[in-house]
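Note sheet for the following structure.
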Amino acid sequence: MSEKQRVIVVGAGISGLAAVFYIKKQMPEASVTLLESSDRIGGKIRTVRRDGFVIECGPEGYMARKPTLTNLIKEVGLGDKLVHSSPGTYYIYVNKKLRKMPKGSVMGIPTRMLPMVTTGLISPIGKLRAALDLFIPHVYKDKDISLRDFFQKRLGSELVTNMIEPLLSGIYNGDLADMSLKATLPQFAAIEKKHRSLILGMKSIQPPKQAGASKKSAGRFLSLSCGLDVLVNKLASYADDIQLNTPVTRIRPGQVTLADGSVRSADAVILASSPKQFGPLLDFDEARALSRDKRTTTATVVLAFKKEDVDTPDGTGYVVSRKEGLNITACSWMDHKWSYTAPKDCTLIRTYVGTAENADIVGENDSFIEAKALNDLRRVGRVGTPLFSVITRQIDNMPQYTVNHNERVQAFEQALAKIDGVYACGAMLHGVGLPDCVDNAMHVAEDVSNQLKKHADTAATS
């Protein structure tokens, strides 16, 4: 190849960084430039180290059952830093009390009868209504519906309000009335299609308990004991050039236009920025439709304490039913879950404020947010005065996969495929978790590499 092929990646979050790595892996000779509008790389990933604490201000880890990110971590030489979360009881704060998740429940859906009969999470009437799932006909009929419609029709409003909604809102920070079944939890649509009853279907896919089997010694999540920002920096090292404080205003085949009016040329451009930028940068209807999709705003509040100043039950944390009227939506006892996050005599609490209905609180100052979070934590249990707090805001950039999301993404990708040399990846498209973003970036990088190699071969033979 007589001249290096040039690739520009727009956006230095996990999607853009993973795209850089996979491009360089497949085309080491290519020149890859990373453009980022802010003054830092990493996107939602941000790690703070203070007084012996390791504080993840964004994602704290990822689902261990999704292998793409684990493979990437090993490829960049961080495999020895991988750690499993500790297993532990999880709670729901409902009816002004912390209540254990019933054993055998998955995403709030019961698979064992006795724990559901004895739980205080829902009333006897609510339990009887949930049991009607055993007899109700199919709800999902190959047409996308909201999670609330689906679960409420199958299991009743009380179980949804007290169990399913707190758990899912803790993951997606969204409103179940908006969220797409097909895009967020397609496995439940498939279970209902096959078994009709969710309870029977979930029970059938649970592995049988083996006699004499030891208790689970590791949790379902993985993270890096050195901090996730170390992965960010490793991935960034594969870029040939990184330019911060460099906003892009337009993307066209073979070029990007910067805010200062200058134009950068490239053989391929990968857009990996926030969802709201898709429409303005690409400027076609399907991209604008994605940018109009609902997004939420939230703040992560991390509080450090001396151990004697806090009572934390045996477990890893809890989610909050919205009917309790608290500002916080979930709480994790981080040092219970990840032992490396706090010194031995200290504990680290991470909680969240801000929902689609209560986004204004995120715009308040740090002192206000800390006071609100502490007040709510003290309604749940004994919490003293923190040593310090770290507050991180995510403003209007938490994607919500609303009903018919998959169809909008498909229309967007079909339209984008007609634009030569322009590609896109990110949390807006095929999953909001870190492994989903990495997986999407890997496939896009493969497409870019294949196309550039074809162009090079054509040029060599012409």
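Chain labels run A, B, ... following the order of the structure tokens; each chain numbers its residues from 1, and ligands are numbered from 1 in the order shown.
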
TODO: Step one, run DSSP on the backbone; step two, keep only residues of region 125-328 of chain A assigned to strand (DSSP E); then write them as a PyMOL selection string.
DONE: chain A and resi 221-224+241-243+248-252+255-258+263-265+268-271+295-306+317-320+328

Using the selection just defined, write its residues with C-alpha atoms as a compact mmCIF listing (two decimals), in the first residue's frame.
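Output below, filename part_20.txt:
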```txt
# COMPACT_ATOMS: atom_id res chain seq x y z
CA PHE A 221 -20.33 -8.89 37.30
CA LEU A 222 -16.72 -8.20 36.35
CA SER A 223 -14.58 -5.11 36.72
CA LEU A 224 -10.93 -4.05 36.93
CA ASP A 241 -3.48 11.00 17.14
CA ILE A 242 -5.97 12.17 19.81
CA GLN A 243 -7.40 15.68 19.65
CA VAL A 248 -17.21 18.14 14.93
CA THR A 249 -20.12 19.93 13.25
CA ARG A 250 -20.66 17.83 10.14
CA ILE A 251 -19.76 14.43 8.70
CA ARG A 252 -19.76 13.67 5.00
CA GLN A 255 -14.42 14.30 5.50
CA VAL A 256 -15.43 15.85 8.79
CA THR A 257 -15.95 19.54 9.43
CA LEU A 258 -14.77 20.96 12.74
CA VAL A 263 -12.07 20.15 7.23
CA ARG A 264 -10.28 16.86 7.88
CA SER A 265 -10.13 14.21 5.17
CA ALA A 268 -13.48 6.25 6.58
CA VAL A 269 -15.27 8.07 9.40
CA ILE A 270 -16.77 6.30 12.44
CA LEU A 271 -19.31 8.28 14.45
CA ARG A 295 -32.90 10.34 26.82
CA THR A 296 -32.70 10.80 30.57
CA THR A 297 -30.54 12.75 32.98
CA THR A 298 -29.07 11.33 36.16
CA ALA A 299 -26.41 11.98 38.79
CA THR A 300 -24.20 9.44 40.54
CA VAL A 301 -23.52 10.32 44.18
CA VAL A 302 -20.61 8.47 45.80
CA LEU A 303 -20.12 8.93 49.55
CA ALA A 304 -17.13 7.75 51.63
CA PHE A 305 -17.57 6.92 55.33
CA LYS A 306 -15.80 5.42 58.28
CA GLY A 317 -27.32 -2.92 47.82
CA TYR A 318 -30.92 -2.09 47.07
CA VAL A 319 -33.26 -0.44 44.60
CA VAL A 320 -36.12 1.87 45.56
CA ILE A 328 -32.60 8.18 45.21
```

Wanna dump the region 290-376 of chain A-region 151-165 of chain A contacts at 9 Å for me, each residue with its shortest atom pair and the distance in Å to one decimal, counting only C-alpha atoms, ordered by chain and number, as CSV?
```
residue,atom,partner,partner_atom,distance
A:Val320,CA,A:Asn162,CA,8.6
A:Ser321,CA,A:Asn162,CA,5.7
A:Arg322,CA,A:Thr161,CA,7.6
A:Lys323,CA,A:Thr161,CA,7.7
```

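Checking A:Met428, A:Ile191, A:Ala287, A:Ala239 one by one against Gln414 (chain A), counting only C-alpha atoms, you find the shortest gap at A:Ala287.
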
TODO: Just give me the gap between CA of Asn71 (chain A) and CA of Phe53 (chain A) in Å, one decimal is fine.
DONE: 27.0 Å

Task: Contact residues around Leu290 (chain A) with only C-alpha atoms at 9 Å, ignoring same-chain residues under 4 positions, as JSON, numbers by chain - done: {"A": [275, 276, 278, 279, 285, 286, 294, 405, 408, 409, 412, 428, 429]}

Could the residues in this selection be written to a file with N, CA and C atoms, as a compact mmCIF listing (two decimals), in the first residue's frame?
```
# COMPACT_ATOMS: atom_id res chain seq x y z
N PRO A 275 -25.85 10.19 21.57
CA PRO A 275 -27.02 10.02 20.69
C PRO A 275 -27.55 11.33 20.11
N LYS A 276 -27.49 12.39 20.89
CA LYS A 276 -28.07 13.65 20.40
C LYS A 276 -27.27 14.24 19.24
N PHE A 278 -26.14 12.41 16.58
CA PHE A 278 -26.33 11.66 15.34
C PHE A 278 -27.04 12.50 14.29
N GLY A 279 -28.16 13.11 14.66
CA GLY A 279 -28.94 13.90 13.70
C GLY A 279 -28.18 15.10 13.17
N ASP A 285 -32.86 12.00 7.69
CA ASP A 285 -34.07 11.83 8.49
C ASP A 285 -33.94 10.73 9.54
N GLU A 286 -33.40 9.58 9.15
CA GLU A 286 -33.33 8.47 10.08
C GLU A 286 -32.37 8.75 11.25
N LYS A 294 -35.99 9.44 23.22
CA LYS A 294 -35.96 9.88 24.61
C LYS A 294 -34.61 9.57 25.26
N HIS A 405 -37.93 0.82 18.95
CA HIS A 405 -36.53 1.25 18.83
C HIS A 405 -35.78 0.44 17.77
N ARG A 408 -36.39 1.67 14.30
CA ARG A 408 -35.73 2.95 14.00
C ARG A 408 -34.23 2.75 13.75
N VAL A 409 -33.61 1.87 14.54
CA VAL A 409 -32.18 1.57 14.34
C VAL A 409 -31.96 0.90 12.99
N PHE A 412 -32.18 3.46 10.33
CA PHE A 412 -30.98 4.31 10.36
C PHE A 412 -29.80 3.60 9.70
N MET A 428 -26.56 4.12 21.65
CA MET A 428 -27.88 4.40 21.11
C MET A 428 -28.40 3.24 20.27
N LEU A 429 -27.53 2.35 19.82
CA LEU A 429 -27.92 1.41 18.78
C LEU A 429 -28.27 0.02 19.29
```

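Residues of region 293-392 of chain A that DSSP places in alpha helix (DSSP H), based on the backbone of this structure, are Met334, Asp335, His336, Lys337, Asp366, Ser367, Phe368, Ile369, Glu370, Ala371, Lys372, Ala373, Leu374, Asn375, Asp376, Leu377, Arg378, Arg379 and Val380 of chain A.
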